[in-house]
Amino acid sequence: MLNIHNLSISFQGEYLFEEITFKLGQGDRIGLIGKNGAGKSTLLKILSKEQEPDTGQMAADKDLKIGFLKQDIDFEYGKTVLEESYDAFKEIKALEKKLEEINIQLAERTDYESEAYHQLMVDLNDFQHQYEILGGYNYQGETEKILQGLGFKREDFDKLTDTFSGGWRMRIELAKLLLQNNDLLLLDEPTNHLDIESIIWLESFLKTFSGAVVIVSHDKMFLDNVTNRTIEISLGRIYDYNKPYTKFLELRKEMKEQQIAAQKNQEKQIQQTEKLIEKFRAKASKATMAQSLIKKLERIDRIEVDEDDNSVMTLKFPVSVTPGKVVIEASNISKSYGDLKVLQNISLSIPRDSKTAFVGQNGQGKSTLAKIIVGEISHQGELKLGHNVQIGYFAQNQAEYLDGNKTVLDVMIDAANETNRSKARDILGAFLFRGDEV
């Protein structure tokens, strides 16, 4: 299906990965894992031919069809959920247009015995045959089935995509990929915006998918349930095992332990040989043997233990001013969008030092409630913030608020206040930004 040979790509003078080689075959369901910044999304872009590697080759089967679900998508506004989903069937839609044009001509013409009329009938038959082969008589039902599997209700089908959150729009994009007749699916964090029911449905779909799948995900259970192979990117190298995620970790640990044991044993042998060399050097009669042992040492292929990327983020959220005992007090909070009631008579009290999670299916109002608390959207009901409460808000679409023309450090300095501006580099370091990356 797809052969990758000696692929390398660098970023700011450092290799994300160097001369990696592997194959993708039919039935492979690969979990692509590694630390943030290891190059997982970059590798997906290269596999999709969206980005060129620095060096290396890729050889693909003829007419290989690749579907790529990216973390960031561009949506065309003004389309309904069904209309956007039908974009997965461009060939079928083009044939529908041709069939419609031919049928209009046939209805208007009366020259039934002419060569031109006969040719229209031939074209109609050919296009109808192509339409059937491509699944033209089934695609609408398949579309509804996939959308419902991903959590949409029938009443959602005719709603504009503009009215849905980024998470739901990502589901539409995923639906389009699953509807296309792709040979290879590249999925970058496909479960990020799915609820449990939709994740279970997606797992079932992917396990019966006849092509190959490469998945980047931080959902360990999803990887274990779906994948049959794991590729880890670590410090520019890849580790490839025909096992799902958890089994891979076990094998990786065993391999590391074996490497360490073999390295220790080799070091012991080397030290013994070096002692013999020193001993024989002291005797003229043993000089030849000493030289022989030296050459033997030089020929030894030293056992290396695979390095681990042990860098971790160190996060702290210091409170500049101690707030009151209650930080948020909400009473009868309601929010509607037209006739759609998202929240109704929500009351809650959040005390200082508590850790509170808003949980529920997508579309139930979790993000809406968060936006109400930070004052981003209007609402009915009473909301009070406690004494000295300062809110930090990280939204799903936070990346949209970043200025792409500014450096990471510039963005941090803009967000900082007088007391912590000098710590901007230290804070970035805690998030594993290094040197020129800022």
# chains A, B, ... in the order shown; residues from 1 in each chain; ligands from 1
>>> select_by_dssp(residues="region 135-371 of chain A", states="helix (DSSP H, G or I)", output="VMD selection string")
chain A and resid 139 to 149 154 to 156 161 to 163 166 to 179 196 to 207 220 to 226 245 to 281 284 to 299 366 to 371
>>> select_by_dssp(residues="region 138-260 of chain A", states="strand (DSSP E)", output="PDB file with N, CA and C atoms, in the first residue's frame")
ATOM      1  N   LEU A 184      -6.628   4.500   2.814  1.00  0.00           N
ATOM      2  CA  LEU A 184      -5.821   4.812   4.001  1.00  0.00           C
ATOM      3  C   LEU A 184      -6.436   5.995   4.732  1.00  0.00           C
ATOM      4  N   LEU A 185      -6.699   5.830   6.019  1.00  0.00           N
ATOM      5  CA  LEU A 185      -7.226   6.911   6.853  1.00  0.00           C
ATOM      6  C   LEU A 185      -6.136   7.390   7.800  1.00  0.00           C
ATOM      7  N   LEU A 186      -5.908   8.698   7.828  1.00  0.00           N
ATOM      8  CA  LEU A 186      -4.970   9.325   8.756  1.00  0.00           C
ATOM      9  C   LEU A 186      -5.798  10.174   9.711  1.00  0.00           C
ATOM     10  N   LEU A 187      -5.849   9.793  10.968  1.00  0.00           N
ATOM     11  CA  LEU A 187      -6.743  10.437  11.935  1.00  0.00           C
ATOM     12  C   LEU A 187      -5.934  11.077  13.054  1.00  0.00           C
ATOM     13  N   ASP A 188      -5.973  12.409  13.109  1.00  0.00           N
ATOM     14  CA  ASP A 188      -5.234  13.155  14.127  1.00  0.00           C
ATOM     15  C   ASP A 188      -6.188  13.528  15.257  1.00  0.00           C
ATOM     16  N   ALA A 212      -6.221   0.648   5.590  1.00  0.00           N
ATOM     17  CA  ALA A 212      -5.261   0.886   6.676  1.00  0.00           C
ATOM     18  C   ALA A 212      -5.621   2.175   7.403  1.00  0.00           C
ATOM     19  N   VAL A 213      -5.303   2.231   8.689  1.00  0.00           N
ATOM     20  CA  VAL A 213      -5.591   3.406   9.515  1.00  0.00           C
ATOM     21  C   VAL A 213      -4.351   3.763  10.321  1.00  0.00           C
ATOM     22  N   VAL A 214      -4.018   5.054  10.343  1.00  0.00           N
ATOM     23  CA  VAL A 214      -2.964   5.553  11.234  1.00  0.00           C
ATOM     24  C   VAL A 214      -3.617   6.572  12.157  1.00  0.00           C
ATOM     25  N   ILE A 215      -3.525   6.343  13.463  1.00  0.00           N
ATOM     26  CA  ILE A 215      -4.240   7.159  14.444  1.00  0.00           C
ATOM     27  C   ILE A 215      -3.260   7.816  15.405  1.00  0.00           C
ATOM     28  N   VAL A 216      -3.380   9.135  15.541  1.00  0.00           N
ATOM     29  CA  VAL A 216      -2.707   9.852  16.622  1.00  0.00           C
ATOM     30  C   VAL A 216      -3.762  10.136  17.681  1.00  0.00           C
ATOM     31  N   ARG A 229      -1.216  -2.415  15.891  1.00  0.00           N
ATOM     32  CA  ARG A 229       0.207  -2.107  15.686  1.00  0.00           C
ATOM     33  C   ARG A 229       0.481  -0.732  16.283  1.00  0.00           C
ATOM     34  N   THR A 230       1.683  -0.549  16.826  1.00  0.00           N
ATOM     35  CA  THR A 230       2.050   0.729  17.445  1.00  0.00           C
ATOM     36  C   THR A 230       3.398   1.186  16.911  1.00  0.00           C
ATOM     37  N   ILE A 231       3.456   2.449  16.488  1.00  0.00           N
ATOM     38  CA  ILE A 231       4.716   3.075  16.086  1.00  0.00           C
ATOM     39  C   ILE A 231       4.948   4.269  16.999  1.00  0.00           C
ATOM     40  N   GLU A 232       6.057   4.251  17.716  1.00  0.00           N
ATOM     41  CA  GLU A 232       6.411   5.358  18.605  1.00  0.00           C
ATOM     42  C   GLU A 232       7.516   6.188  17.966  1.00  0.00           C
ATOM     43  N   ILE A 233       7.340   7.519  17.994  1.00  0.00           N
ATOM     44  CA  ILE A 233       8.410   8.434  17.593  1.00  0.00           C
ATOM     45  C   ILE A 233       9.053   8.960  18.864  1.00  0.00           C
ATOM     46  N   SER A 234      10.348   8.744  19.006  1.00  0.00           N
ATOM     47  CA  SER A 234      11.055   9.200  20.205  1.00  0.00           C
ATOM     48  C   SER A 234      12.471   9.592  19.839  1.00  0.00           C
ATOM     49  N   ARG A 237      13.832   8.729  16.366  1.00  0.00           N
ATOM     50  CA  ARG A 237      13.768   7.344  15.911  1.00  0.00           C
ATOM     51  C   ARG A 237      12.338   6.830  16.038  1.00  0.00           C
ATOM     52  N   ILE A 238      12.072   5.680  15.389  1.00  0.00           N
ATOM     53  CA  ILE A 238      10.765   5.047  15.568  1.00  0.00           C
ATOM     54  C   ILE A 238      10.947   3.636  16.117  1.00  0.00           C
ATOM     55  N   TYR A 239       9.949   3.209  16.890  1.00  0.00           N
ATOM     56  CA  TYR A 239       9.907   1.853  17.433  1.00  0.00           C
ATOM     57  C   TYR A 239       8.585   1.247  16.984  1.00  0.00           C
ATOM     58  N   ASP A 240       8.662   0.153  16.240  1.00  0.00           N
ATOM     59  CA  ASP A 240       7.507  -0.400  15.538  1.00  0.00           C
ATOM     60  C   ASP A 240       7.225  -1.821  16.039  1.00  0.00           C
ATOM     61  N   TYR A 241       6.028  -2.018  16.619  1.00  0.00           N
ATOM     62  CA  TYR A 241       5.648  -3.337  17.133  1.00  0.00           C
ATOM     63  C   TYR A 241       4.243  -3.688  16.650  1.00  0.00           C
TER      64      TYR A 241
END
>>> residues_around(residues="Ile73 (chain A)", least_positions_apart="6", cutoff="9 Å", atoms="only C-alpha atoms", output="list in words")
Arg169, Met170 and Glu173 of chain A
>>> closest_residue(among="A:Ile427, A:Leu134, A:Ile373, A:Ile303", to="Leu95 (chain A)", atoms="only C-alpha atoms")
A:Leu134
>>> closest_residue(among="A:Val326, A:Ala282, A:Val305, A:Ile350", to="Gly386 (chain A)", atoms="only C-alpha atoms")
A:Val326
>>> residues_around(residues="Tyr139 (chain A)", least_positions_apart="3", cutoff="9 Å", atoms="only C-alpha atoms", output="PyMOL selection string")
chain A and resi 86+89+92+134-136+142-144+179
>>> residues_around(residues="Ser85 (chain A)", least_positions_apart="5", cutoff="7 Å", atoms="only C-alpha atoms", output="PyMOL selection string")
chain A and resi 172+175-176
